[in-house]
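Participant: Enclosed is the structure file data.txt (compact mmCIF, C-alpha atoms and all ligand atoms).
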```
# COMPACT_ATOMS: atom_id res chain seq x y z
CA MET A 629 -10.35 8.55 -22.11
CA LYS A 630 -8.04 8.78 -19.10
CA THR A 631 -4.94 7.35 -20.76
CA GLU A 632 -2.10 9.46 -22.16
CA LYS A 633 -1.20 8.07 -25.62
CA ILE A 634 2.60 7.99 -25.68
CA TYR A 635 2.48 6.28 -29.11
CA GLU A 636 0.98 9.43 -30.60
CA THR A 637 3.86 11.68 -29.58
CA ASP A 638 6.78 9.24 -29.45
CA GLY A 639 6.64 6.23 -31.77
CA MET A 640 10.15 5.24 -30.71
CA CYS A 641 9.18 4.66 -27.07
CA PHE A 642 9.40 0.91 -26.46
CA SER A 643 9.54 0.89 -22.64
CA PHE A 644 7.90 3.14 -20.10
CA ARG A 645 6.65 3.39 -16.52
CA ALA A 646 2.95 3.81 -15.82
CA HIS A 647 0.33 3.48 -13.10
CA ILE A 648 -2.58 1.05 -13.25
CA LEU A 649 -5.88 2.92 -13.14
CA SER A 650 -8.00 -0.24 -13.17
CA ALA A 651 -7.63 -3.98 -13.71
CA GLU A 652 -10.78 -6.04 -14.15
CA PRO A 653 -11.02 -9.79 -14.74
CA SER A 654 -11.83 -10.50 -18.40
CA LYS A 655 -12.29 -13.56 -20.63
CA ASN A 656 -8.70 -14.89 -20.67
CA GLY A 657 -7.10 -12.83 -17.89
CA TYR A 658 -7.39 -9.14 -17.07
CA ALA A 659 -8.37 -5.92 -18.84
CA VAL A 660 -5.94 -3.27 -17.62
CA ILE A 661 -6.23 0.52 -18.02
CA LEU A 662 -3.01 2.53 -17.54
CA ASP A 663 -2.57 6.26 -16.93
CA ARG A 664 -0.19 6.34 -19.95
CA THR A 665 0.67 3.82 -22.64
CA ALA A 666 2.95 3.25 -25.61
CA PHE A 667 0.96 0.14 -26.62
CA PHE A 668 -0.85 0.91 -29.88
CA PRO A 669 -4.36 -0.56 -29.89
CA GLU A 670 -5.60 -2.36 -33.00
CA GLY A 671 -6.88 0.09 -35.58
CA GLY A 672 -6.47 1.62 -39.02
CA GLY A 673 -5.41 -1.71 -40.58
CA GLN A 674 -2.68 -2.34 -37.99
CA THR A 675 -2.72 -5.04 -35.30
CA ALA A 676 -2.24 -4.26 -31.61
CA ASP A 677 1.19 -4.16 -29.97
CA LYS A 678 2.24 -6.98 -27.68
CA GLY A 679 4.68 -7.02 -24.77
CA THR A 680 4.59 -7.00 -20.98
CA ILE A 681 3.17 -4.93 -18.13
CA ALA A 682 5.33 -5.88 -15.12
CA ASN A 683 5.06 -9.70 -14.80
CA ALA A 684 1.99 -9.95 -17.07
CA ARG A 685 2.00 -10.60 -20.80
CA VAL A 686 0.02 -8.18 -22.98
CA LEU A 687 -1.94 -10.35 -25.42
CA ASP A 688 -4.08 -7.70 -27.10
CA VAL A 689 -4.86 -3.99 -26.89
CA GLN A 690 -8.23 -2.59 -27.94
CA ILE A 691 -10.16 0.64 -27.61
CA VAL A 692 -13.46 -0.23 -25.93
CA ASN A 693 -15.96 2.48 -24.98
CA ASP A 694 -13.28 5.12 -25.52
CA GLU A 695 -10.85 3.38 -23.12
CA ILE A 696 -7.57 1.68 -24.06
CA LEU A 697 -7.79 -1.83 -22.63
CA HIS A 698 -4.62 -3.93 -22.30
CA PHE A 699 -5.66 -7.58 -22.17
CA THR A 700 -3.13 -9.44 -20.02
CA ASP A 701 -2.76 -13.10 -19.06
CA ILE A 702 -2.41 -12.38 -15.32
CA LEU A 703 -2.88 -9.44 -12.98
CA PRO A 704 0.24 -7.21 -13.25
CA GLU A 705 1.99 -6.66 -9.91
CA ALA A 706 2.93 -3.04 -9.25
CA ASP A 707 6.33 -2.08 -7.75
CA ALA A 708 6.66 -0.67 -4.23
CA ASP A 709 6.18 2.86 -5.61
CA GLY A 710 2.85 1.79 -7.16
CA ALA A 711 4.11 1.94 -10.76
CA VAL A 712 4.60 -0.80 -13.35
CA SER A 713 7.41 -1.20 -15.90
CA CYS A 714 6.02 -1.80 -19.40
CA GLU A 715 7.91 -3.24 -22.36
CA LEU A 716 6.72 -3.49 -25.94
CA ASP A 717 7.77 -6.29 -28.26
CA ALA A 718 10.17 -3.76 -29.81
CA LYS A 719 11.27 -5.93 -32.74
CA GLU A 720 7.69 -6.50 -33.89
CA ARG A 721 6.68 -2.89 -33.32
CA PHE A 722 9.74 -1.63 -35.26
CA ARG A 723 8.85 -4.02 -38.11
CA LYS A 724 5.33 -2.64 -38.23
CA MET A 725 6.57 0.96 -38.24
CA GLN A 726 9.02 0.22 -41.08
CA ASN A 727 6.17 -1.20 -43.17
CA HIS A 728 3.67 1.47 -42.14
CA LEU A 729 5.94 4.41 -42.97
CA GLY A 730 6.92 2.64 -46.19
CA GLU A 731 3.24 2.62 -47.09
CA HIS A 732 2.98 6.37 -46.38
CA LEU A 733 5.96 7.03 -48.66
CA LEU A 734 4.62 4.84 -51.48
CA CYS A 735 1.13 6.33 -51.28
CA GLY A 736 2.66 9.81 -51.11
CA ALA A 737 4.74 9.16 -54.24
CA ILE A 738 1.69 7.72 -56.07
CA HIS A 739 -0.44 10.68 -54.96
CA ARG A 740 2.17 13.16 -56.26
CA ALA A 741 2.54 11.34 -59.59
CA LYS A 742 -1.06 10.30 -60.29
CA GLY A 743 -3.28 12.14 -57.78
CA TYR A 744 -4.66 8.82 -56.50
CA GLU A 745 -5.92 8.34 -52.94
CA ASN A 746 -5.03 5.47 -50.60
CA VAL A 747 -8.29 3.52 -50.23
CA GLY A 748 -7.20 0.48 -48.18
CA PHE A 749 -4.41 -0.70 -45.87
CA HIS A 750 -3.65 -3.93 -44.04
CA LEU A 751 -0.49 -4.80 -42.18
CA GLY A 752 -0.41 -8.56 -41.60
CA ALA A 753 2.11 -10.82 -39.93
CA ASP A 754 3.89 -11.60 -43.22
CA TYR A 755 3.17 -8.75 -45.59
CA MET A 756 1.53 -5.36 -46.04
CA THR A 757 -1.12 -4.56 -48.64
CA PHE A 758 -2.55 -1.22 -49.67
CA ASP A 759 -4.99 -0.06 -52.34
CA VAL A 760 -4.96 3.08 -54.46
CA SER A 761 -7.85 4.59 -56.40
CA GLY A 762 -6.62 4.32 -60.00
CA PRO A 763 -4.72 2.07 -62.42
CA MET A 764 -0.95 2.17 -62.91
CA THR A 765 1.52 0.75 -65.43
CA SER A 766 4.53 -1.24 -64.28
CA GLU A 767 6.78 1.70 -65.23
CA GLU A 768 4.71 4.07 -63.06
CA ILE A 769 4.84 1.58 -60.17
CA TYR A 770 8.61 1.32 -60.37
CA ALA A 771 8.93 5.12 -60.56
CA ALA A 772 6.82 5.40 -57.36
CA GLU A 773 9.08 2.85 -55.65
CA VAL A 774 12.16 4.87 -56.57
CA GLU A 775 10.53 8.10 -55.32
CA ALA A 776 9.57 6.44 -52.02
CA ASN A 777 13.11 5.11 -51.56
CA LYS A 778 14.51 8.60 -52.16
CA ALA A 779 12.96 9.66 -48.83
CA ILE A 780 14.97 6.87 -47.18
CA ALA A 781 18.15 7.98 -48.92
CA ALA A 782 17.50 11.55 -47.75
CA ASP A 783 16.76 10.26 -44.22
CA ALA A 784 13.83 12.70 -44.15
CA PRO A 785 12.73 13.60 -40.60
CA VAL A 786 9.23 12.42 -39.57
CA ARG A 787 7.12 14.66 -37.33
CA CYS A 788 3.73 13.71 -35.85
CA TYR A 789 1.62 16.56 -34.48
CA VAL A 790 -1.92 17.82 -34.00
CA PRO A 791 -2.32 21.26 -35.64
CA THR A 792 -4.84 23.85 -34.51
CA LYS A 793 -8.00 24.21 -36.63
CA ASP A 794 -6.53 27.32 -38.30
CA GLU A 795 -3.21 25.62 -39.01
CA LEU A 796 -5.06 22.58 -40.38
CA SER A 797 -7.19 24.61 -42.78
CA ALA A 798 -4.02 26.07 -44.32
CA LEU A 799 -2.41 22.63 -44.65
CA SER A 800 -2.53 20.34 -47.67
CA TYR A 801 -2.37 16.68 -46.69
CA ARG A 802 -3.50 13.22 -47.81
CA ALA A 803 -6.34 11.18 -46.25
CA LYS A 804 -8.29 14.38 -45.67
CA SER A 805 -11.75 13.88 -44.17
CA GLU A 806 -14.09 16.86 -43.85
CA LYS A 807 -16.27 14.81 -41.51
CA LEU A 808 -13.39 13.97 -39.13
CA GLU A 809 -12.10 17.55 -39.28
CA ALA A 810 -15.47 18.74 -37.98
CA THR A 811 -15.53 16.38 -34.99
CA ASP A 812 -11.98 15.29 -34.09
CA ALA A 813 -8.48 16.62 -33.66
CA ILE A 814 -6.57 15.59 -36.80
CA ARG A 815 -3.10 14.15 -36.27
CA ILE A 816 -0.66 14.85 -39.08
CA VAL A 817 2.32 12.65 -39.98
CA ASP A 818 4.80 14.77 -41.91
CA VAL A 819 7.76 13.24 -43.75
CA GLU A 820 9.69 16.42 -44.45
CA GLY A 821 9.76 17.23 -48.15
CA PHE A 822 8.03 14.00 -49.19
CA ASP A 823 4.58 13.39 -47.71
CA ARG A 824 1.97 14.76 -45.34
CA CYS A 825 -0.91 12.55 -44.24
CA ALA A 826 -3.55 12.25 -41.51
CA CYS A 827 -2.87 9.11 -39.43
CA CYS A 828 -3.32 7.90 -35.85
CA ALA A 829 -0.65 5.18 -35.72
CA PRO A 830 2.82 5.31 -34.16
CA HIS A 831 5.63 6.21 -36.54
CA LEU A 832 9.40 6.07 -36.89
CA ASP A 833 11.12 9.42 -36.32
CA SER A 834 13.02 9.35 -39.63
CA ALA A 835 12.49 7.86 -43.09
CA GLY A 836 16.02 6.37 -43.06
CA LYS A 837 14.89 3.85 -40.43
CA VAL A 838 12.54 2.25 -43.02
CA GLY A 839 15.71 0.89 -44.66
CA LEU A 840 14.16 -0.29 -47.93
CA ILE A 841 10.77 -0.23 -49.68
CA LYS A 842 9.88 -2.87 -52.27
CA ILE A 843 6.55 -3.61 -53.97
CA VAL A 844 6.43 -7.39 -54.45
CA ASP A 845 3.02 -7.76 -56.08
CA ALA A 846 0.56 -5.52 -57.94
CA MET A 847 -2.90 -6.33 -59.25
CA HIS A 848 -5.84 -4.41 -60.67
CA TYR A 849 -8.51 -4.15 -57.98
CA LYS A 850 -11.90 -2.39 -57.98
CA GLY A 851 -10.88 0.08 -60.68
CA GLY A 852 -7.59 0.85 -58.89
CA MET A 853 -4.62 -1.17 -57.74
CA ARG A 854 -3.86 -3.47 -54.81
CA PHE A 855 -0.19 -3.67 -53.88
CA SER A 856 1.71 -6.01 -51.61
CA ALA A 857 4.90 -4.45 -50.32
CA LEU A 858 7.70 -5.25 -47.90
CA CYS A 859 9.85 -2.79 -46.02
CA GLY A 860 12.99 -2.85 -43.89
CA PHE A 861 13.92 -6.19 -42.31
CA ASP A 862 10.90 -7.87 -43.98
CA ALA A 863 12.26 -6.78 -47.38
CA LEU A 864 15.73 -8.05 -46.44
CA ALA A 865 14.34 -11.45 -45.39
CA ASP A 866 12.35 -11.63 -48.62
CA TYR A 867 15.47 -10.77 -50.66
CA ASP A 868 17.36 -13.53 -48.85
CA THR A 869 14.60 -16.09 -49.60
CA ARG A 870 14.42 -15.12 -53.26
CA LEU A 871 18.23 -15.21 -53.59
CA ARG A 872 18.28 -18.74 -52.13
CA GLU A 873 15.61 -19.79 -54.62
CA ILE A 874 17.52 -18.28 -57.56
CA ARG A 875 20.71 -20.02 -56.38
CA ALA A 876 18.86 -23.35 -56.19
CA LEU A 877 17.47 -22.83 -59.72
CA SER A 878 20.89 -21.75 -60.92
CA SER A 879 22.36 -24.99 -59.59
CA LEU A 880 19.50 -27.09 -61.10
CA PHE A 881 19.94 -25.52 -64.53
CA SER A 882 23.75 -25.27 -64.26
CA ALA A 883 23.39 -21.61 -65.21
CA LYS A 884 24.59 -18.33 -63.71
CA PRO A 885 21.91 -16.68 -61.47
CA HIS A 886 21.17 -14.00 -64.08
CA ASP A 887 20.84 -16.64 -66.83
CA VAL A 888 18.24 -18.90 -65.16
CA VAL A 889 15.32 -17.57 -67.23
CA SER A 890 17.00 -18.28 -70.58
CA ALA A 891 18.20 -21.65 -69.21
CA ALA A 892 14.61 -22.49 -68.21
CA GLU A 893 13.32 -21.42 -71.64
CA ALA A 894 15.91 -23.64 -73.35
CA LYS A 895 14.86 -26.55 -71.10
CA MET A 896 11.18 -25.98 -71.98
CA GLU A 897 12.02 -26.13 -75.69
CA GLU A 898 13.97 -29.35 -75.10
CA ILE A 899 10.97 -30.86 -73.25
CA SER A 900 8.62 -29.79 -76.05
CA ALA A 901 10.86 -31.50 -78.67
CA LEU A 902 11.03 -34.65 -76.50
CA LYS A 903 7.24 -34.67 -76.20
CA GLY A 904 7.04 -34.64 -80.01
CA THR A 905 9.45 -37.60 -80.23
CA ILE A 906 7.56 -39.52 -77.52
CA GLY A 907 4.25 -38.87 -79.30
CA ALA A 908 5.61 -40.29 -82.56
CA MET A 909 7.01 -43.35 -80.74
CA ARG A 910 3.73 -43.84 -78.91
CA ARG A 911 1.74 -43.84 -82.15
CA GLU A 912 4.20 -46.35 -83.61
CA ILE A 913 3.80 -48.69 -80.61
CA VAL A 914 0.00 -48.49 -80.85
CA SER A 915 0.00 -49.27 -84.57
CA LEU A 916 2.37 -52.23 -83.99
CA LYS A 917 0.11 -53.60 -81.25
CA LEU A 918 -2.95 -53.18 -83.50
CA ALA A 919 -1.25 -54.97 -86.38
CA LEU A 920 -0.77 -58.02 -84.14
CA LEU A 921 -4.51 -58.27 -83.43
CA THR A 922 -6.74 -60.33 -85.71
CA PRO A 923 -10.36 -59.16 -86.09
CA GLN A 924 -12.83 -61.27 -84.13
CA LYS A 925 -16.42 -61.43 -82.93
CA GLU A 926 -15.54 -61.68 -79.22
CA ASN A 927 -14.31 -58.93 -76.89
CA ILE A 928 -10.65 -57.95 -77.09
CA LEU A 929 -9.19 -57.02 -73.70
CA CYS A 930 -5.55 -55.89 -73.65
CA PHE A 931 -3.71 -55.69 -70.31
CA GLU A 932 -0.62 -53.47 -70.21
CA PRO A 933 1.62 -52.97 -67.19
CA ASP A 934 1.82 -49.25 -68.04
CA MET A 935 0.45 -46.99 -70.75
CA ASP A 936 -0.29 -43.26 -70.74
CA ALA A 937 -3.85 -41.99 -71.13
CA VAL A 938 -3.35 -40.57 -74.64
CA SER A 939 -1.94 -43.88 -75.96
CA MET A 940 -4.77 -45.81 -74.30
CA ARG A 941 -7.31 -43.58 -76.01
CA GLU A 942 -5.59 -43.89 -79.39
CA PHE A 943 -5.24 -47.67 -78.99
CA ALA A 944 -8.90 -48.12 -77.97
CA THR A 945 -10.21 -45.83 -80.72
CA ALA A 946 -8.35 -47.70 -83.44
CA GLY A 947 -9.08 -51.10 -81.83
CA ALA A 948 -12.91 -50.73 -81.92
CA SER A 949 -12.99 -51.95 -85.53
CA LYS A 950 -11.16 -55.17 -84.57
CA THR A 951 -14.14 -56.69 -82.75
CA ASP A 952 -17.91 -56.96 -82.89
CA GLY A 953 -17.87 -56.78 -79.07
CA ILE A 954 -15.96 -54.53 -76.72
CA PHE A 955 -12.36 -53.44 -77.21
CA ALA A 956 -10.73 -52.40 -73.95
CA VAL A 957 -7.23 -51.55 -72.85
CA PHE A 958 -6.25 -51.75 -69.16
CA ALA A 959 -3.08 -50.27 -67.66
CA GLY A 960 -1.94 -51.33 -64.20
CA SER A 961 -1.84 -54.54 -62.16
CA ASP A 962 -4.04 -56.68 -59.91
CA GLU A 963 -2.26 -55.09 -56.93
CA THR A 964 -2.58 -51.44 -57.91
CA GLY A 965 -5.83 -51.63 -59.88
CA TYR A 966 -6.33 -50.60 -63.51
CA ARG A 967 -7.01 -47.44 -65.49
CA PHE A 968 -9.01 -48.37 -68.57
CA THR A 969 -10.49 -47.13 -71.84
CA ALA A 970 -13.13 -49.21 -73.61
CA THR A 971 -14.68 -48.72 -77.08
CA ALA A 972 -17.40 -50.52 -79.02
CA GLN A 973 -19.06 -50.09 -82.40
CA ASN A 974 -22.07 -52.35 -81.81
CA PHE A 975 -22.55 -52.33 -78.05
CA PRO A 976 -24.03 -49.51 -75.92
CA LEU A 977 -21.22 -48.93 -73.39
CA LYS A 978 -22.94 -46.24 -71.36
CA ASP A 979 -25.35 -48.79 -69.88
CA LEU A 980 -22.35 -50.68 -68.56
CA THR A 981 -20.91 -47.91 -66.39
CA SER A 982 -23.11 -48.40 -63.33
CA LYS A 983 -22.54 -52.19 -63.47
CA ILE A 984 -18.75 -51.67 -63.66
CA LYS A 985 -18.94 -49.43 -60.60
CA SER A 986 -21.05 -51.86 -58.57
CA THR A 987 -19.34 -55.11 -59.66
CA LEU A 988 -15.70 -54.11 -60.16
CA GLY A 989 -15.49 -51.08 -57.87
CA GLY A 990 -14.05 -47.74 -58.92
CA LYS A 991 -15.37 -45.01 -61.16
CA CYS A 992 -15.99 -44.57 -64.88
CA GLY A 993 -18.01 -42.59 -67.37
CA GLY A 994 -18.32 -41.66 -71.02
CA SER A 995 -20.53 -42.27 -74.06
CA ASN A 996 -21.98 -45.35 -75.78
CA GLN A 997 -18.90 -45.40 -78.03
CA MET A 998 -16.21 -44.89 -75.39
CA ILE A 999 -15.90 -45.10 -71.59
CA THR A 1000 -12.88 -44.46 -69.40
CA GLY A 1001 -12.25 -44.93 -65.71
CA GLN A 1002 -10.43 -46.67 -62.90
CA ILE A 1003 -11.28 -50.03 -61.37
CA SER A 1004 -9.86 -51.95 -58.43
CA ALA A 1005 -10.46 -55.57 -59.47
CA LYS A 1006 -8.30 -58.49 -60.60
CA GLU A 1007 -7.68 -59.30 -64.29
CA ILE A 1008 -9.53 -62.63 -64.03
CA ASP A 1009 -12.66 -60.93 -62.64
CA ILE A 1010 -12.50 -58.14 -65.22
CA ARG A 1011 -12.31 -60.68 -68.06
CA SER A 1012 -15.28 -62.65 -66.76
CA PHE A 1013 -17.29 -59.45 -66.19
CA PHE A 1014 -16.88 -58.30 -69.80
CA THR A 1015 -17.67 -61.81 -71.17
CA ASP A 1016 -20.88 -61.90 -69.12
CA ALA A 1017 -21.74 -58.32 -70.15
CA THR A 1018 -21.65 -59.01 -73.89
CA ASN A 1019 -23.19 -62.50 -73.58
CA GLY A 1020 -25.98 -61.40 -71.29
ZN ZN A 1101 0.46 6.20 -40.58
```
What is this file in C-alpha cells?
Facilitator:
Amino acid sequence: MKTEKIYETDGMCFSFRAHILSAEPSKNGYAVILDRTAFFPEGGGQTADKGTIANARVLDVQIVNDEILHFTDILPEADADGAVSCELDAKERFRKMQNHLGEHLLCGAIHRAKGYENVGFHLGADYMTFDVSGPMTSEEIYAAEVEANKAIAADAPVRCYVPTKDELSALSYRAKSEKLEATDAIRIVDVEGFDRCACCAPHLDSAGKVGLIKIVDAMHYKGGMRFSALCGFDALADYDTRLREIRALSSLFSAKPHDVVSAAEAKMEEISALKGTIGAMRREIVSLKLALLTPQKENILCFEPDMDAVSMREFATAGASKTDGIFAVFAGSDETGYRFTATAQNFPLKDLTSKIKSTLGGKCGGSNQMITGQISAKEIDIRSFFTDATNG
C-alpha cells in the first residue's frame, strides 16, 4: 500500500492536502489513489467516510488489493502545485467517532465487570449495535452505562498507537487475536484509565468528546446480548424525540410527563370496565332481537346497518333454533357490502361456501353449523340466493 493513513494517527483530521498517485475510470466515476488520506475505508463494522477531493465528490472508500480506493463522481482537478485539497464530511465522521468510542467504553466497562468479549459491531446511519459474549441483567447493563459515562466525565485522553512486538506482549488489551499478532502490526486504542483495545478505525482524541452514552435497547442474542446504543449528538436527538413523544402523551392524558404511565394504566382500566358494560348491553340487544323473531320453517335473514363480530356470532348461534333453514345476520349496506355469520341446524352450510364465493363475490369459510365471511352483493340478490340454496 502506497497511501499514508492519516486516520490511523490523527482521527481529528477532517481536511488535508494530498497528491493523486493514480485515477482510473471506474463504474460510476473514478477510482482515485492518494499519497495520504484521512478518509476511512469501510471496515470493522463502520461505513466509509464521504466528502470531497478537490472538485470531486467522494462517494465511497474501499480497500481493494491492499490499496485505498476513493470512488469519486468526477476526475478531481489538481491545483497548480499538483496537490488536491480534501475535505471529509466532518459532521458525519464526528458522529461515527462519538458512537464508535462510546462502543469501546461500553464494551470496556462490560469486560471489566463481567469478563465478556465484544463479538459484533455495526454502526449504521441511525443507530449502533454491538454484541457481547454473555448474558446481563438490566441492573448490570445500567451499571456498565454509568461506568462508560464516567470516562466522559473524566475526559479521559485517547491515544492510538502501534506498539513494538515486545511492548505488545507485555500489554493487556481487549479484542486480542493471536493470529493477527503473528502476521500484522496491532494498533492499540487506549482510553487512559478506562479501556485498551485493538482497533483500526479513526478515533476521537478524548472521551469527553463522546458527550453521552446511552443504551436504548438490549436483547438476548446467541447466548450473549445484543445492544443498540446512541452516543453524542445521536443520543441528544433521540432524547429530544422521546421528550416530544412524552409531552404529546402527557397532553393526551392530561397528566404530568412523569405521571403518563399511571395515567395510561388508569385509562386502560376505564376501557376494560367500558368493554364489560358494552358486552352486557350487546347481549341484551341480541336477546331482545331474538325475542321478536317467531320460529319458522323458512330461512331467517337479518340485515343490520352495523353490528360487531362478537354480537353477530352470538345472534347467529342463538338464532339457529328459530328456523329449520338457515339463520343469517348481515352487517353493512348494499354500497359497502356485508359481513355475515350464518348458522343452521339441519342444513350443511360448508357446501354453500364455494357457491357464495362464485355467485355473491367475496370470501367465507367455516363448518357445516356456522360460516362467516364478507360478500359484495345487494340485499335483494343475497335473499334470493339463500332462498334458492335451501329450495334447491
Ligand atoms: Zn475502535
Participant: If you take only C-alpha atoms and all ligand atoms and a cut-off of 9 Å, which residues of chain A touch ligand ZN 1101 (chain A), and what are their nearest atom pairs and distances in Å to one decimal, in chain and number order, as CSV?
Facilitator:
```
residue,atom,partner,partner_atom,distance
A:Gly672,CA,A:ZN1101,ZN,8.5
A:Met725,CA,A:ZN1101,ZN,8.4
A:His728,CA,A:ZN1101,ZN,5.9
A:Leu729,CA,A:ZN1101,ZN,6.2
A:Glu731,CA,A:ZN1101,ZN,7.9
A:His732,CA,A:ZN1101,ZN,6.3
A:Ile816,CA,A:ZN1101,ZN,8.9
A:Val817,CA,A:ZN1101,ZN,6.7
A:Cys825,CA,A:ZN1101,ZN,7.5
A:Ala826,CA,A:ZN1101,ZN,7.3
A:Cys827,CA,A:ZN1101,ZN,4.6
A:Cys828,CA,A:ZN1101,ZN,6.3
A:Ala829,CA,A:ZN1101,ZN,5.1
A:Pro830,CA,A:ZN1101,ZN,6.9
A:His831,CA,A:ZN1101,ZN,6.6
```
Participant: Limited to C-alpha atoms, could you put the picked residues into a file as an mmCIF file, keeping the file's coordinate frame?
Facilitator:
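Writing the result to out.cif gives the following:
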```cif
data_model
loop_
_atom_site.group_PDB
_atom_site.id
_atom_site.type_symbol
_atom_site.label_atom_id
_atom_site.label_comp_id
_atom_site.auth_asym_id
_atom_site.auth_seq_id
_atom_site.Cartn_x
_atom_site.Cartn_y
_atom_site.Cartn_z
ATOM 1 C CA GLY A 672 -6.470 1.620 -39.020
ATOM 2 C CA MET A 725 6.570 0.960 -38.240
ATOM 3 C CA HIS A 728 3.670 1.470 -42.140
ATOM 4 C CA LEU A 729 5.940 4.410 -42.970
ATOM 5 C CA GLU A 731 3.240 2.620 -47.090
ATOM 6 C CA HIS A 732 2.980 6.370 -46.380
ATOM 7 C CA ILE A 816 -0.660 14.850 -39.080
ATOM 8 C CA VAL A 817 2.320 12.650 -39.980
ATOM 9 C CA CYS A 825 -0.910 12.550 -44.240
ATOM 10 C CA ALA A 826 -3.550 12.250 -41.510
ATOM 11 C CA CYS A 827 -2.870 9.110 -39.430
ATOM 12 C CA CYS A 828 -3.320 7.900 -35.850
ATOM 13 C CA ALA A 829 -0.650 5.180 -35.720
ATOM 14 C CA PRO A 830 2.820 5.310 -34.160
ATOM 15 C CA HIS A 831 5.630 6.210 -36.540
#
```
Participant: Rounded to one decimal in Å, what is the spacing between atom CA of Thr700 of chain A and atom CA of Gly679 of chain A?
Facilitator: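 Going from atom CA of Thr700 of chain A over to atom CA of Gly679 of chain A covers 9.5 Å.
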Participant: Under the rule that all atoms listed in the file are counted, which of A:Arg645, A:Ile843, A:Gln690, A:Ser939 is the nearest residue to Ile769 of chain A?
Facilitator: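 Closest to Ile769 of chain A, using all atoms listed in the file: A:Ile843.
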Participant: Give the answer as one residue: which of A:Thr675, A:Ser995, A:Ser805, A:Thr665 has the shortest atom-to-atom distance to Ala753 of chain A, using all atoms listed in the file?
Facilitator: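 For Ala753 of chain A, the nearest of the given residues is A:Thr675.
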Participant: Would you mind telling me which residue in A:Ile906, A:Val760, A:Leu880, A:Leu799 lies nearest to Tyr849 of chain A when using only C-alpha atoms?
Facilitator: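 Among the listed residues, the smallest separation from Tyr849 of chain A belongs to A:Val760.
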Participant: Can you tell me, as a PyMOL selection string, which residues sit within 7 Å of (-15.3, -48.2, -73.9) in the file's frame, using all atoms listed in the file?
Facilitator: chain A and resi 954-956+969-972+977+997-1000
Participant: Check which residues of segment 631-662 of chain A sit at most 12 Å from segment 718-721 of chain A using all atoms listed in the file, and return one row each with the closest pair of atoms and their distance in Å to one decimal, ordered by chain and rising number, as JSON lines.
Facilitator:
```
{"residue": "A:Tyr635", "atom": "CA", "partner": "A:Arg721", "partner_atom": "CA", "distance": 10.9}
{"residue": "A:Gly639", "atom": "CA", "partner": "A:Arg721", "partner_atom": "CA", "distance": 9.3}
{"residue": "A:Met640", "atom": "CA", "partner": "A:Ala718", "partner_atom": "CA", "distance": 9.0}
{"residue": "A:Cys641", "atom": "CA", "partner": "A:Ala718", "partner_atom": "CA", "distance": 8.9}
{"residue": "A:Phe642", "atom": "CA", "partner": "A:Ala718", "partner_atom": "CA", "distance": 5.8}
{"residue": "A:Ser643", "atom": "CA", "partner": "A:Ala718", "partner_atom": "CA", "distance": 8.6}
```
Participant: Out of A:Glu942, A:Asp694, A:Asp701, A:Asp638, which residue has the shortest atom-to-atom distance to Arg911 of chain A when counting only C-alpha atoms?
Facilitator: A:Glu942
Participant: What would segment 779-790 of chain A look like with N, CA and C atoms restored, written as a PDB file, in the frame of the given file?
Facilitator:
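Final output, saved to rebuild26.pdb:
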```pdb
ATOM      1  N   ALA A 779      13.183   9.105 -50.182  1.00  0.00           N
ATOM      2  CA  ALA A 779      12.960   9.660 -48.830  1.00  0.00           C
ATOM      3  C   ALA A 779      13.855   8.945 -47.819  1.00  0.00           C
ATOM      4  N   ILE A 780      14.083   7.644 -48.054  1.00  0.00           N
ATOM      5  CA  ILE A 780      14.970   6.870 -47.180  1.00  0.00           C
ATOM      6  C   ILE A 780      16.402   7.365 -47.354  1.00  0.00           C
ATOM      7  N   ALA A 781      16.792   7.513 -48.629  1.00  0.00           N
ATOM      8  CA  ALA A 781      18.150   7.980 -48.920  1.00  0.00           C
ATOM      9  C   ALA A 781      18.405   9.352 -48.313  1.00  0.00           C
ATOM     10  N   ALA A 782      17.363  10.194 -48.311  1.00  0.00           N
ATOM     11  CA  ALA A 782      17.500  11.550 -47.750  1.00  0.00           C
ATOM     12  C   ALA A 782      17.377  11.540 -46.233  1.00  0.00           C
ATOM     13  N   ASP A 783      17.020  10.389 -45.658  1.00  0.00           N
ATOM     14  CA  ASP A 783      16.760  10.260 -44.220  1.00  0.00           C
ATOM     15  C   ASP A 783      15.850  11.397 -43.734  1.00  0.00           C
ATOM     16  N   ALA A 784      14.749  11.594 -44.455  1.00  0.00           N
ATOM     17  CA  ALA A 784      13.830  12.700 -44.150  1.00  0.00           C
ATOM     18  C   ALA A 784      13.256  12.567 -42.742  1.00  0.00           C
ATOM     19  N   PRO A 785      13.293  13.665 -41.947  1.00  0.00           N
ATOM     20  CA  PRO A 785      12.730  13.600 -40.600  1.00  0.00           C
ATOM     21  C   PRO A 785      11.205  13.394 -40.642  1.00  0.00           C
ATOM     22  N   VAL A 786      10.679  12.666 -39.650  1.00  0.00           N
ATOM     23  CA  VAL A 786       9.230  12.420 -39.570  1.00  0.00           C
ATOM     24  C   VAL A 786       8.711  13.114 -38.310  1.00  0.00           C
ATOM     25  N   ARG A 787       7.687  13.923 -38.470  1.00  0.00           N
ATOM     26  CA  ARG A 787       7.120  14.660 -37.330  1.00  0.00           C
ATOM     27  C   ARG A 787       5.624  14.348 -37.250  1.00  0.00           C
ATOM     28  N   CYS A 788       5.156  13.963 -36.061  1.00  0.00           N
ATOM     29  CA  CYS A 788       3.730  13.710 -35.850  1.00  0.00           C
ATOM     30  C   CYS A 788       3.199  14.807 -34.920  1.00  0.00           C
ATOM     31  N   TYR A 789       2.137  15.477 -35.315  1.00  0.00           N
ATOM     32  CA  TYR A 789       1.620  16.560 -34.480  1.00  0.00           C
ATOM     33  C   TYR A 789       0.141  16.803 -34.762  1.00  0.00           C
ATOM     34  N   VAL A 790      -0.499  17.475 -33.831  1.00  0.00           N
ATOM     35  CA  VAL A 790      -1.920  17.820 -34.000  1.00  0.00           C
ATOM     36  C   VAL A 790      -1.998  19.341 -34.179  1.00  0.00           C
TER      37      VAL A 790
END
```
